[in-house]
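J.: Handing you this structure, nothing more for now.
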Amino acid sequence: MLTKITRKKIDGELKKFPVDQKQSAIIAALQIIQTENGFLTDDLIALAADYLGMPKIAAMEVATFYNMFELKPAGKYKISVCTNISCALREADDIVCHLQKKLNINFNEVTKDSKFSLKESECMGACGGAPLMTINNHKMYEHLTPQKVDQILEELD
Amino acid sequence: MPNNNSHKASINSDVFPICLRTSNLEDSSSLQTYLSVGGYEQIQRILKEKISPEKLIEEIKISGLRGRGGAGFPTGIKWSFIPNDSAGTKYIVCNSDEGEPGTFKDREIIKKNPHQLIEGMIIAAYIMGAQVGYNYIHGEIWEEYESFEKALAEAKKANFLGKSICGLGFDFELYAFHGYGAYICGEETALIESIEGKKGQPRFKPPFPATYGIYGRPTNVNNTETYATIPWIMQNGGGSFANIGVENSGGTKIFSVSGHVERPGNYEIPMGMPFKTLLELSGGVWKGRKLKAVIPGGPSTPVLPAAEIMKTTLDYDGLKNSGSSVGAGSLIVMDETTCMVSTLKRLSYFFYEESCGQCTPCREGTGWVYRVIKRIVDGKGKPEDIDLLLDVSKKISGRTICALGDAAAVPVLSFIKHFKDEFKYFIKNGKSMMDANS
């Protein structure tokens with residue numbers, strides 16, 4: 001069952017939509033659940049679907065369509081690096097190489113201690129701050145250099 | 001979050017801050033700051049004086065404002081499509097799902113001046129008789145989603161949103177909605193599907209959202225910058241706005257400059273400014289290098305070589321005459337060391353990755369294009385690959401439900417048109433012409 005806190009947060013989102021359109025809150029609901037759990041399991045997706053009174057398959061479609069959802073265990077800190085054109089022109093490749101070397105993993109892998117995972121991302125809509133990355137989807141770091149990346153990672157416990 | 005150079009740019013004396021007009025003030029995003037520049041006065045005036053929607057639409061038509069999300073459709077005309085007097089719920093939606101590579105202006109508006117966007121949406125709701133609005137915000141700019149929620153709470157507390165706004169009898173509720181990583185949701189019918197809690201797959205049109213949008217109700221979708229411009233037009237008149245720009249391109253526009261310039265950032269400038277001047281404002285090409293090419297409006301608009309863009313003005317007609325378009329105003333600047341083949345590979349991967357998979361020509365074609373370019377970059381290209389790329393791209397274009405298919409073809413066709421020698425060289429020598437020069 002979803003925790004009381006989770007349900008309360010989803011209820012907050014439900015206020016945005018007509019009472020007979022609960023499905024509108026599915027992206028928010030899955031986001032809330034993922035933020036608490038780190039990634040989404042089939043069971044968690046089913047719980048979200050039940051809570052919103054929608055077919056499980058429809059919730060699964062959403063979970064697999066939007067690429068900020070994780071369907072496999074991610075690291076405690078999921079690092080997503082944008083490699084699209086504006087970041088690529090500002091040497092995002094150097095950031096990617098630095099991270100892969102430092103963490104000893106490739107894209108879509110998790111470190112042995114489960115602390116970090118690495119993802120390649122499409123445009124995040126903040127190209128003036130290229131190159132950039134997010135950690136756990138919700139915190140963005142801009143104007144990256146290998147040194148700055150080191151500093152950011154050091155500050156994470 | 002560290003500030004970027006865009007802040008400095010927007011207070012440059014050569015620009016007219018309209019959408020970003022609070023950005024040089026302290027605590028620029030607060031309600032107090034917006035009120036200090038005359039914020040929320042226009043909606044109160046309109047409600048008090050009971051100005052008719054027709055009259056307001058006329059003012060917007062005079063302003064020459066065109067949709068700032070990329071299509072450039074005249075806003076005044078669009079807003080007259082929704083019959084003001086039809087019964088039942090009507091919706092207005094703000095499209096802040098900014099995922100076109102090189103575009104980051106809506107984020108700046110939400111971050112620096114959210115209340116002007118909110119007031120613009122209230123005025124739009126009044127004009128179109130909408131009771132409910134959503135601002136759909138790109139999932140990756142999460143901090144802006146959260147700050148917009150705060151701005152909404154401030155506005156609601158001050159009775160600028162909710163029941164009987166300012167006690168003047170007009171009801172309007174506005175909510176923030178976040179995406180979670182899907183470029184296609186910037187397409188308005190995909191965005192509507194997403195708000196309904198579904199995969200973001202575009203709908204067939206017609207019916208258009210104006211008659212059949214969210215939950216089948218009349219819905220108007222506009223870009224963030226478009227809505228945020230409205231309060232200024234109401235305050236200063238459509239004529240004042242039109243006078244800032246040039247013929248057919250009224251007012252200011254925020255241009256997002258990224259890539260190889262010294263000072264990437266957002267620049268709100270009068271329409272019709274020569275590209276050359278904007279390049280100077282953004283510090284020129286970085287590292288003292290020469291300009292090679294610019295994508296003027298995001299990858300859905302054709303790339304222009306340096307010689308062409310350097311004589312172009314930044315407005316709808318200027319860029320059209322140069323063979324490209326304003327798009328979302330996202331200038332991606334490339335210096336002389338840029339390999340156009342590798343750059344096209346990355347763009348093609350983007351369209352392949354973001355195709356929603358609904359239409360076969362796009363789903364299969366974008367992957368095919370990507371694999372052929374990858375083959376060239378891997379040194380395994382064949383002489384006939386150039387024609388193959390052109391052929392596949394032309395067969396995607398115009399054969400899909402939405403414009404992503406057309407957009408995917410644009411970089412392929414324009415990169416090969418202007419830089420064919422680089423593609424030929426790569427195929428012949430198995431390496432980039434840029435590597436040969438270094």
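Going through the structure tokens in order, the chains are called A, B, and so on, while each chain numbers its residues from 1 and the ligands are numbered from 1 in the order shown.
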Can you tell me, as a ChimeraX atom specification, what residues are no more than 8 Å from Ile95 (chain A) when counting only C-alpha atoms, ignoring any on the same chain fewer than 2 positions away?

T.: /A:91-93,97-99,131,144-146,149

J.: Please, which residues of chain A lie no more than 8 Å from chain B when the count uses only C-alpha atoms, and can they be set out as JSON, numbers by chain?

T.: {"A": [16, 21, 23, 24, 25, 26, 27, 28, 31, 58, 59, 61, 62, 65, 66, 67, 68, 69, 84, 85, 86, 87, 89, 90, 122, 123, 124, 125, 126, 127, 128, 129, 130, 134, 137, 138, 139, 140, 141, 142]}

J.: For Ser30 (chain B), list every protein, DNA or RNA residue within 8 Å, evaluated using only C-alpha atoms, and leave out those in the same chain fewer than 5 positions away; present the list as JSON, numbers by chain.

T.: {"B": [113, 115, 151]}

J.: Since we have the selection now, will you write its residues out, keeping N, CA, C and O atoms, as a short mmCIF file (atom, residue, chain, number, x, y, z; two decimals), in the first residue's frame?

T.:
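Just written: out_19.cif:
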```cif
data_model
loop_
_atom_site.label_atom_id
_atom_site.label_comp_id
_atom_site.auth_asym_id
_atom_site.auth_seq_id
_atom_site.Cartn_x
_atom_site.Cartn_y
_atom_site.Cartn_z
N ASN B 113 10.38 36.32 -13.75
CA ASN B 113 9.20 37.18 -13.79
C ASN B 113 7.91 36.36 -13.92
O ASN B 113 7.11 36.59 -14.83
N HIS B 115 5.10 36.33 -12.30
CA HIS B 115 3.79 36.97 -12.12
C HIS B 115 3.29 37.64 -13.40
O HIS B 115 2.09 37.75 -13.62
N ALA B 151 4.91 31.06 -6.78
CA ALA B 151 4.34 32.28 -7.35
C ALA B 151 2.81 32.16 -7.41
O ALA B 151 2.09 33.11 -7.12
#
```

J.: Tell me which protein, DNA and RNA residues are within 9 Å of Trp79 (chain B), counting only C-alpha atoms, leaving out same-chain ones fewer than 5 positions away, and put them as number ranges by chain.

T.: B: 57, 74, 124, 127-128, 210, 220

J.: Keeping all heavy atoms for every residue in the selection just given, could you write it to a file as a PDB file, in the first residue's frame?

T.:
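Output (part-v3.pdb):
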```pdb
ATOM      1  N   ILE B  57      -8.828  41.845 -28.066  1.00  0.00           N
ATOM      2  CA  ILE B  57      -8.267  41.071 -29.186  1.00  0.00           C
ATOM      3  C   ILE B  57      -7.793  42.026 -30.281  1.00  0.00           C
ATOM      4  O   ILE B  57      -6.730  41.832 -30.885  1.00  0.00           O
ATOM      5  CB  ILE B  57      -9.315  40.052 -29.722  1.00  0.00           C
ATOM      6  CG1 ILE B  57      -9.411  38.871 -28.757  1.00  0.00           C
ATOM      7  CG2 ILE B  57      -8.940  39.562 -31.122  1.00  0.00           C
ATOM      8  CD1 ILE B  57     -10.370  37.779 -29.171  1.00  0.00           C
ATOM      9  N   PRO B  74      -0.299  34.469 -35.625  1.00  0.00           N
ATOM     10  CA  PRO B  74      -0.747  35.706 -34.965  1.00  0.00           C
ATOM     11  C   PRO B  74      -1.665  35.433 -33.770  1.00  0.00           C
ATOM     12  O   PRO B  74      -2.712  34.783 -33.908  1.00  0.00           O
ATOM     13  CB  PRO B  74      -1.495  36.451 -36.077  1.00  0.00           C
ATOM     14  CG  PRO B  74      -0.916  35.919 -37.348  1.00  0.00           C
ATOM     15  CD  PRO B  74      -0.589  34.477 -37.066  1.00  0.00           C
ATOM     16  N   ALA B 124      -5.767  36.407 -20.739  1.00  0.00           N
ATOM     17  CA  ALA B 124      -6.149  35.478 -21.817  1.00  0.00           C
ATOM     18  C   ALA B 124      -7.416  34.714 -21.435  1.00  0.00           C
ATOM     19  O   ALA B 124      -8.312  34.516 -22.263  1.00  0.00           O
ATOM     20  CB  ALA B 124      -5.006  34.504 -22.096  1.00  0.00           C
ATOM     21  N   ILE B 127     -10.365  36.942 -21.854  1.00  0.00           N
ATOM     22  CA  ILE B 127     -10.699  37.143 -23.271  1.00  0.00           C
ATOM     23  C   ILE B 127     -11.424  35.922 -23.835  1.00  0.00           C
ATOM     24  O   ILE B 127     -12.405  36.046 -24.564  1.00  0.00           O
ATOM     25  CB  ILE B 127      -9.419  37.433 -24.093  1.00  0.00           C
ATOM     26  CG1 ILE B 127      -8.870  38.817 -23.728  1.00  0.00           C
ATOM     27  CG2 ILE B 127      -9.691  37.332 -25.594  1.00  0.00           C
ATOM     28  CD1 ILE B 127      -7.534  39.164 -24.385  1.00  0.00           C
ATOM     29  N   MET B 128     -10.949  34.734 -23.496  1.00  0.00           N
ATOM     30  CA  MET B 128     -11.514  33.525 -24.105  1.00  0.00           C
ATOM     31  C   MET B 128     -12.589  32.855 -23.241  1.00  0.00           C
ATOM     32  O   MET B 128     -13.117  31.813 -23.607  1.00  0.00           O
ATOM     33  CB  MET B 128     -10.382  32.538 -24.438  1.00  0.00           C
ATOM     34  CG  MET B 128      -9.544  33.059 -25.602  1.00  0.00           C
ATOM     35  SD  MET B 128      -8.122  32.045 -26.011  1.00  0.00           S
ATOM     36  CE  MET B 128      -6.876  32.748 -24.938  1.00  0.00           C
ATOM     37  N   ALA B 210      -8.894  24.223 -30.118  1.00  0.00           N
ATOM     38  CA  ALA B 210      -9.850  25.319 -29.897  1.00  0.00           C
ATOM     39  C   ALA B 210     -11.277  24.805 -29.743  1.00  0.00           C
ATOM     40  O   ALA B 210     -12.097  25.431 -29.060  1.00  0.00           O
ATOM     41  CB  ALA B 210      -9.783  26.325 -31.043  1.00  0.00           C
ATOM     42  N   ASN B 220      -7.132  26.604 -25.394  1.00  0.00           N
ATOM     43  CA  ASN B 220      -6.153  27.399 -26.131  1.00  0.00           C
ATOM     44  C   ASN B 220      -4.765  27.139 -25.562  1.00  0.00           C
ATOM     45  O   ASN B 220      -4.557  27.236 -24.351  1.00  0.00           O
ATOM     46  CB  ASN B 220      -6.467  28.900 -26.007  1.00  0.00           C
ATOM     47  CG  ASN B 220      -5.420  29.740 -26.708  1.00  0.00           C
ATOM     48  OD1 ASN B 220      -5.376  29.820 -27.929  1.00  0.00           O
ATOM     49  ND2 ASN B 220      -4.523  30.345 -25.931  1.00  0.00           N
TER      50      ASN B 220
END
```

J.: Using DSSP secondary structure from the backbone, list all helix (DSSP H, G or I) positions within region 57-267 of chain B, as a short mmCIF file (atom, residue, chain, number, x, y, z; two decimals) with N, CA, C and O atoms, in the first residue's frame.

T.:
```
data_model
loop_
_atom_site.label_atom_id
_atom_site.label_comp_id
_atom_site.auth_asym_id
_atom_site.auth_seq_id
_atom_site.Cartn_x
_atom_site.Cartn_y
_atom_site.Cartn_z
N ILE B 57 -8.83 41.84 -28.07
CA ILE B 57 -8.27 41.07 -29.19
C ILE B 57 -7.79 42.03 -30.28
O ILE B 57 -6.73 41.83 -30.88
N GLU B 58 -8.57 43.07 -30.50
CA GLU B 58 -8.20 44.08 -31.51
C GLU B 58 -6.83 44.69 -31.16
O GLU B 58 -5.97 44.85 -32.02
N GLU B 59 -6.63 44.97 -29.88
CA GLU B 59 -5.36 45.56 -29.42
C GLU B 59 -4.19 44.59 -29.69
O GLU B 59 -3.11 45.01 -30.11
N ILE B 60 -4.45 43.31 -29.44
CA ILE B 60 -3.40 42.30 -29.65
C ILE B 60 -3.10 42.17 -31.15
O ILE B 60 -1.95 42.03 -31.55
N LYS B 61 -4.15 42.27 -31.98
CA LYS B 61 -3.92 42.23 -33.43
C LYS B 61 -3.06 43.40 -33.87
O LYS B 61 -2.14 43.24 -34.68
N ILE B 62 -3.34 44.57 -33.32
CA ILE B 62 -2.55 45.78 -33.67
C ILE B 62 -1.09 45.58 -33.27
O ILE B 62 -0.18 46.01 -33.97
N SER B 63 -0.87 44.89 -32.15
CA SER B 63 0.51 44.71 -31.65
C SER B 63 1.37 43.88 -32.59
O SER B 63 2.59 43.95 -32.58
N THR B 75 -1.28 35.91 -32.61
CA THR B 75 -1.98 35.60 -31.36
C THR B 75 -3.41 36.13 -31.35
O THR B 75 -4.33 35.44 -30.91
N GLY B 76 -3.60 37.35 -31.84
CA GLY B 76 -4.94 37.95 -31.84
C GLY B 76 -5.93 37.11 -32.63
O GLY B 76 -7.08 36.92 -32.21
N ILE B 77 -5.48 36.60 -33.76
CA ILE B 77 -6.36 35.77 -34.60
C ILE B 77 -6.67 34.46 -33.89
O ILE B 77 -7.80 34.01 -33.81
N LYS B 78 -5.62 33.85 -33.32
CA LYS B 78 -5.80 32.57 -32.61
C LYS B 78 -6.84 32.69 -31.49
O LYS B 78 -7.67 31.82 -31.32
N TRP B 79 -6.76 33.79 -30.75
CA TRP B 79 -7.64 33.94 -29.60
C TRP B 79 -9.09 34.21 -30.00
O TRP B 79 -9.99 34.10 -29.18
N LYS B 105 14.41 30.11 -22.92
CA LYS B 105 13.86 31.43 -22.59
C LYS B 105 12.67 31.36 -21.63
O LYS B 105 12.53 32.21 -20.76
N ASP B 106 11.83 30.32 -21.78
CA ASP B 106 10.65 30.22 -20.93
C ASP B 106 11.06 29.98 -19.48
O ASP B 106 10.44 30.48 -18.55
N ARG B 107 12.12 29.21 -19.35
CA ARG B 107 12.68 28.97 -18.02
C ARG B 107 13.05 30.30 -17.35
O ARG B 107 12.78 30.53 -16.18
N GLU B 108 13.64 31.21 -18.14
CA GLU B 108 14.07 32.50 -17.61
C GLU B 108 12.86 33.34 -17.17
O GLU B 108 12.89 34.01 -16.13
N ILE B 109 11.79 33.30 -17.96
CA ILE B 109 10.58 34.05 -17.59
C ILE B 109 10.00 33.51 -16.28
O ILE B 109 9.68 34.25 -15.36
N ILE B 110 9.90 32.17 -16.19
CA ILE B 110 9.33 31.56 -14.98
C ILE B 110 10.21 31.87 -13.76
O ILE B 110 9.72 32.15 -12.68
N LYS B 111 11.50 31.85 -14.00
CA LYS B 111 12.44 32.07 -12.90
C LYS B 111 12.48 33.54 -12.46
O LYS B 111 12.50 33.82 -11.27
N LYS B 112 12.48 34.45 -13.43
CA LYS B 112 12.69 35.86 -13.11
C LYS B 112 11.41 36.68 -12.98
O LYS B 112 11.37 37.66 -12.26
N PRO B 114 7.67 35.44 -12.97
CA PRO B 114 6.53 34.53 -13.12
C PRO B 114 5.17 35.23 -13.05
O PRO B 114 4.21 34.79 -13.67
N HIS B 115 5.10 36.33 -12.30
CA HIS B 115 3.79 36.97 -12.12
C HIS B 115 3.29 37.64 -13.40
O HIS B 115 2.09 37.75 -13.62
N GLN B 116 4.22 38.05 -14.25
CA GLN B 116 3.78 38.64 -15.52
C GLN B 116 3.15 37.56 -16.40
O GLN B 116 2.17 37.81 -17.11
N LEU B 117 3.70 36.37 -16.33
CA LEU B 117 3.11 35.23 -17.05
C LEU B 117 1.71 34.93 -16.49
O LEU B 117 0.76 34.72 -17.24
N ILE B 118 1.61 34.95 -15.16
CA ILE B 118 0.32 34.67 -14.53
C ILE B 118 -0.71 35.73 -14.94
O ILE B 118 -1.83 35.40 -15.34
N GLU B 119 -0.32 37.01 -14.91
CA GLU B 119 -1.27 38.05 -15.30
C GLU B 119 -1.67 37.89 -16.77
O GLU B 119 -2.84 38.05 -17.13
N GLY B 120 -0.69 37.57 -17.61
CA GLY B 120 -0.99 37.35 -19.03
C GLY B 120 -2.00 36.24 -19.22
O GLY B 120 -2.90 36.33 -20.06
N MET B 121 -1.87 35.19 -18.42
CA MET B 121 -2.81 34.08 -18.54
C MET B 121 -4.20 34.45 -18.01
O MET B 121 -5.21 34.01 -18.55
N ILE B 122 -4.24 35.29 -16.97
CA ILE B 122 -5.56 35.72 -16.47
C ILE B 122 -6.28 36.55 -17.54
O ILE B 122 -7.47 36.37 -17.81
N ILE B 123 -5.52 37.44 -18.17
CA ILE B 123 -6.12 38.28 -19.23
C ILE B 123 -6.60 37.39 -20.38
O ILE B 123 -7.71 37.55 -20.90
N ALA B 124 -5.77 36.41 -20.74
CA ALA B 124 -6.15 35.48 -21.82
C ALA B 124 -7.42 34.71 -21.44
O ALA B 124 -8.31 34.52 -22.26
N ALA B 125 -7.49 34.29 -20.18
CA ALA B 125 -8.66 33.55 -19.71
C ALA B 125 -9.90 34.42 -19.80
O ALA B 125 -10.98 33.96 -20.22
N TYR B 126 -9.76 35.68 -19.42
CA TYR B 126 -10.89 36.61 -19.50
C TYR B 126 -11.35 36.76 -20.96
O TYR B 126 -12.54 36.70 -21.27
N ILE B 127 -10.37 36.94 -21.85
CA ILE B 127 -10.70 37.14 -23.27
C ILE B 127 -11.42 35.92 -23.83
O ILE B 127 -12.40 36.05 -24.56
N MET B 128 -10.95 34.73 -23.50
CA MET B 128 -11.51 33.52 -24.10
C MET B 128 -12.59 32.86 -23.24
O MET B 128 -13.12 31.81 -23.61
N TRP B 142 13.12 21.41 -12.89
CA TRP B 142 12.30 21.15 -11.71
C TRP B 142 12.26 22.34 -10.74
O TRP B 142 11.23 22.66 -10.16
N GLU B 143 13.43 22.99 -10.59
CA GLU B 143 13.45 24.11 -9.64
C GLU B 143 12.51 25.24 -10.08
O GLU B 143 11.92 25.92 -9.25
N GLU B 144 12.34 25.40 -11.39
CA GLU B 144 11.42 26.42 -11.89
C GLU B 144 9.96 25.98 -11.69
O GLU B 144 9.09 26.81 -11.44
N TYR B 145 9.73 24.67 -11.79
CA TYR B 145 8.38 24.16 -11.50
C TYR B 145 8.00 24.49 -10.06
O TYR B 145 6.91 24.99 -9.78
N GLU B 146 8.93 24.25 -9.17
CA GLU B 146 8.65 24.52 -7.76
C GLU B 146 8.51 26.02 -7.48
O GLU B 146 7.65 26.43 -6.70
N SER B 147 9.35 26.83 -8.13
CA SER B 147 9.25 28.28 -7.88
C SER B 147 7.96 28.82 -8.48
O SER B 147 7.36 29.77 -7.95
N PHE B 148 7.49 28.21 -9.57
CA PHE B 148 6.22 28.67 -10.15
C PHE B 148 5.05 28.33 -9.21
O PHE B 148 4.11 29.11 -9.08
N GLU B 149 5.13 27.17 -8.58
CA GLU B 149 4.10 26.82 -7.59
C GLU B 149 4.04 27.88 -6.48
O GLU B 149 2.96 28.26 -6.03
N LYS B 150 5.22 28.36 -6.08
CA LYS B 150 5.26 29.40 -5.04
C LYS B 150 4.60 30.68 -5.53
O LYS B 150 3.85 31.33 -4.80
N ALA B 151 4.91 31.06 -6.78
CA ALA B 151 4.34 32.28 -7.35
C ALA B 151 2.81 32.16 -7.41
O ALA B 151 2.09 33.11 -7.12
N LEU B 152 2.33 30.96 -7.78
CA LEU B 152 0.88 30.74 -7.84
C LEU B 152 0.25 30.92 -6.45
O LEU B 152 -0.81 31.54 -6.32
N ALA B 153 0.93 30.39 -5.43
CA ALA B 153 0.40 30.51 -4.07
C ALA B 153 0.34 31.98 -3.65
O ALA B 153 -0.65 32.43 -3.05
N GLU B 154 1.38 32.74 -4.01
CA GLU B 154 1.40 34.18 -3.70
C GLU B 154 0.22 34.89 -4.37
O GLU B 154 -0.47 35.71 -3.76
N ALA B 155 0.04 34.58 -5.65
CA ALA B 155 -1.01 35.25 -6.43
C ALA B 155 -2.40 34.89 -5.89
O ALA B 155 -3.30 35.73 -5.82
N LYS B 156 -2.54 33.64 -5.49
CA LYS B 156 -3.83 33.18 -4.97
C LYS B 156 -4.15 33.87 -3.64
O LYS B 156 -5.26 34.33 -3.42
N LYS B 157 -3.11 33.97 -2.80
CA LYS B 157 -3.28 34.59 -1.49
C LYS B 157 -3.70 36.06 -1.65
O LYS B 157 -4.48 36.59 -0.86
N ILE B 165 -11.68 37.36 -8.81
CA ILE B 165 -10.36 37.99 -8.75
C ILE B 165 -10.48 39.47 -8.36
O ILE B 165 -11.24 40.23 -8.98
N CYS B 166 -9.78 39.86 -7.29
CA CYS B 166 -9.80 41.22 -6.76
C CYS B 166 -11.22 41.71 -6.44
O CYS B 166 -11.49 42.91 -6.48
N GLY B 167 -12.09 40.76 -6.19
CA GLY B 167 -13.48 41.13 -5.88
C GLY B 167 -14.24 41.69 -7.07
O GLY B 167 -15.24 42.39 -6.91
N TYR B 183 10.25 15.22 -25.09
CA TYR B 183 10.30 16.37 -26.01
C TYR B 183 8.97 16.55 -26.73
O TYR B 183 8.49 17.67 -26.91
N ILE B 184 8.35 15.44 -27.11
CA ILE B 184 7.14 15.51 -27.93
C ILE B 184 6.01 16.24 -27.23
O ILE B 184 5.10 16.77 -27.87
N CYS B 185 6.04 16.30 -25.91
CA CYS B 185 4.95 16.98 -25.19
C CYS B 185 4.95 18.49 -25.43
O CYS B 185 4.02 19.18 -25.01
N GLY B 186 5.96 19.01 -26.10
CA GLY B 186 5.91 20.40 -26.52
C GLY B 186 4.95 20.60 -27.69
O GLY B 186 4.57 21.72 -28.02
N GLU B 188 1.37 20.63 -29.12
CA GLU B 188 0.24 20.98 -28.27
C GLU B 188 -0.77 19.86 -28.01
O GLU B 188 -1.30 19.77 -26.90
N THR B 189 -1.00 18.99 -28.99
CA THR B 189 -1.98 17.93 -28.71
C THR B 189 -1.35 16.80 -27.88
O THR B 189 -2.03 16.14 -27.11
N ALA B 190 -0.03 16.61 -28.01
CA ALA B 190 0.67 15.65 -27.14
C ALA B 190 0.64 16.17 -25.71
O ALA B 190 0.45 15.41 -24.75
N LEU B 191 0.81 17.48 -25.58
CA LEU B 191 0.76 18.12 -24.26
C LEU B 191 -0.61 17.92 -23.62
O LEU B 191 -0.73 17.61 -22.43
N ILE B 192 -1.64 18.05 -24.42
CA ILE B 192 -3.01 17.86 -23.90
C ILE B 192 -3.20 16.40 -23.45
O ILE B 192 -3.73 16.14 -22.37
N GLU B 193 -2.72 15.45 -24.25
CA GLU B 193 -2.79 14.04 -23.86
C GLU B 193 -2.07 13.82 -22.53
O GLU B 193 -2.53 13.08 -21.67
N SER B 194 -0.92 14.48 -22.40
CA SER B 194 -0.11 14.35 -21.19
C SER B 194 -0.87 14.88 -19.97
O SER B 194 -0.85 14.27 -18.90
N ILE B 195 -1.55 16.01 -20.14
CA ILE B 195 -2.34 16.56 -19.03
C ILE B 195 -3.49 15.61 -18.67
O ILE B 195 -3.90 15.51 -17.52
N ILE B 214 -8.43 19.70 -23.86
CA ILE B 214 -8.38 18.90 -22.63
C ILE B 214 -9.77 18.37 -22.30
O ILE B 214 -10.74 19.13 -22.27
N TYR B 215 -9.87 17.07 -22.05
CA TYR B 215 -11.14 16.39 -21.75
C TYR B 215 -12.22 16.72 -22.79
O TYR B 215 -13.42 16.78 -22.48
N GLY B 216 -11.77 16.99 -24.01
CA GLY B 216 -12.71 17.28 -25.09
C GLY B 216 -13.31 18.69 -25.05
O GLY B 216 -14.23 19.00 -25.80
N THR B 224 4.83 30.34 -23.35
CA THR B 224 5.08 31.16 -22.17
C THR B 224 5.34 32.62 -22.52
O THR B 224 4.76 33.54 -21.93
N GLU B 225 6.23 32.82 -23.49
CA GLU B 225 6.62 34.19 -23.84
C GLU B 225 5.43 34.96 -24.42
O GLU B 225 5.29 36.17 -24.18
N THR B 226 4.58 34.26 -25.15
CA THR B 226 3.40 34.91 -25.74
C THR B 226 2.50 35.46 -24.63
O THR B 226 2.12 36.63 -24.65
N TYR B 227 2.16 34.61 -23.66
CA TYR B 227 1.30 35.07 -22.56
C TYR B 227 1.97 36.21 -21.78
O TYR B 227 1.33 37.18 -21.41
N ALA B 228 3.28 36.05 -21.53
CA ALA B 228 3.97 37.02 -20.68
C ALA B 228 4.06 38.40 -21.34
O ALA B 228 4.29 39.41 -20.66
N THR B 229 3.87 38.46 -22.65
CA THR B 229 3.92 39.73 -23.36
C THR B 229 2.62 40.53 -23.20
O THR B 229 2.62 41.76 -23.28
N ILE B 230 1.52 39.82 -22.96
CA ILE B 230 0.19 40.44 -22.98
C ILE B 230 0.02 41.61 -21.99
O ILE B 230 -0.48 42.67 -22.39
N PRO B 231 0.44 41.48 -20.72
CA PRO B 231 0.22 42.61 -19.81
C PRO B 231 0.90 43.90 -20.30
O PRO B 231 0.34 44.99 -20.16
N TRP B 232 2.07 43.77 -20.90
CA TRP B 232 2.78 44.95 -21.40
C TRP B 232 2.00 45.60 -22.54
O TRP B 232 1.86 46.83 -22.62
N ILE B 233 1.45 44.77 -23.42
CA ILE B 233 0.65 45.29 -24.55
C ILE B 233 -0.59 46.00 -24.02
O ILE B 233 -0.95 47.09 -24.50
N MET B 234 -1.22 45.44 -22.99
CA MET B 234 -2.40 46.08 -22.42
C MET B 234 -2.06 47.40 -21.75
O MET B 234 -2.83 48.35 -21.76
N GLN B 235 -0.87 47.46 -21.17
CA GLN B 235 -0.45 48.67 -20.47
C GLN B 235 -0.04 49.78 -21.45
O GLN B 235 -0.36 50.94 -21.26
N ASN B 236 0.67 49.39 -22.50
CA ASN B 236 1.27 50.40 -23.38
C ASN B 236 0.60 50.52 -24.74
O ASN B 236 0.94 51.41 -25.51
N GLY B 238 -1.14 48.23 -28.24
CA GLY B 238 -0.61 47.38 -29.30
C GLY B 238 0.34 48.13 -30.21
O GLY B 238 1.35 47.60 -30.68
N GLY B 239 0.02 49.41 -30.46
CA GLY B 239 0.84 50.21 -31.37
C GLY B 239 2.26 50.38 -30.85
O GLY B 239 3.23 50.30 -31.62
N SER B 240 2.39 50.60 -29.54
CA SER B 240 3.73 50.78 -28.95
C SER B 240 4.57 49.52 -29.14
O SER B 240 5.77 49.58 -29.40
N PHE B 241 3.91 48.37 -28.99
CA PHE B 241 4.62 47.11 -29.14
C PHE B 241 5.08 46.93 -30.59
O PHE B 241 6.25 46.63 -30.86
N ALA B 242 4.14 47.16 -31.51
CA ALA B 242 4.46 47.00 -32.94
C ALA B 242 5.60 47.93 -33.36
O ALA B 242 6.45 47.56 -34.18
N ASN B 243 5.61 49.15 -32.77
CA ASN B 243 6.64 50.12 -33.14
C ASN B 243 8.06 49.71 -32.75
O ASN B 243 9.03 50.18 -33.32
N ILE B 244 8.15 48.83 -31.74
CA ILE B 244 9.49 48.39 -31.32
C ILE B 244 10.12 47.52 -32.39
O ILE B 244 11.30 47.61 -32.67
#
```

J.: Which residue, A:Cys82, A:Ala74, A:Leu47, A:Pro18, has the smallest gap to Thr6 (chain A) when you use only C-alpha atoms?

T.: A:Leu47

J.: Got a sec: who's within 9 Å of region 317-324 of chain B, counting only C-alpha atoms, leaving out chain neighbours fewer than 3 positions off, as a list in words?

T.: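 The filter keeps Glu247, Asn248, Ser249, Gly272, Ile295, Pro296, Gly297, Thr301, Pro302, Val303, Leu304, Glu308, Ile309, Lys311, Thr312, Thr313, Leu314 and Gly327 of chain B.
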
J.: Of the candidates B:Gly284, B:Ala293, B:Lys276, B:Gly251, which one gets nearest to Met310 (chain B) if we count only C-alpha atoms?

T.: B:Lys276

J.: Would you pick out the contacts of region 362-369 of chain B at 12 Å or less, using only C-alpha atoms, so that residues sharing its chain but fewer than 5 positions from it are not included, and give the list as a ChimeraX atom specification?

T.: /B:344-357,374-376,385-413

J.: From the list A:Lys72, A:Ala48, A:Val81, A:Val96, which residue is nearest Glu109 (chain A) when using only C-alpha atoms?

T.: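 Under the stated criterion, the closest residue is A:Lys72.
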
J.: Would you mind telling me which residue in B:Tyr267, B:Asp378, B:Val93, B:Tyr316 lies nearest to Glu280 (chain B) when using only C-alpha atoms?

T.: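 Ranked by minimum distance to Glu280 (chain B), first place goes to B:Tyr267.
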
J.: Calculated over only C-alpha atoms, which of the candidates A:Lys101, A:Lys112, A:Lys76, A:Arg7 has the smallest distance to Leu52 (chain A)?

T.: A:Arg7
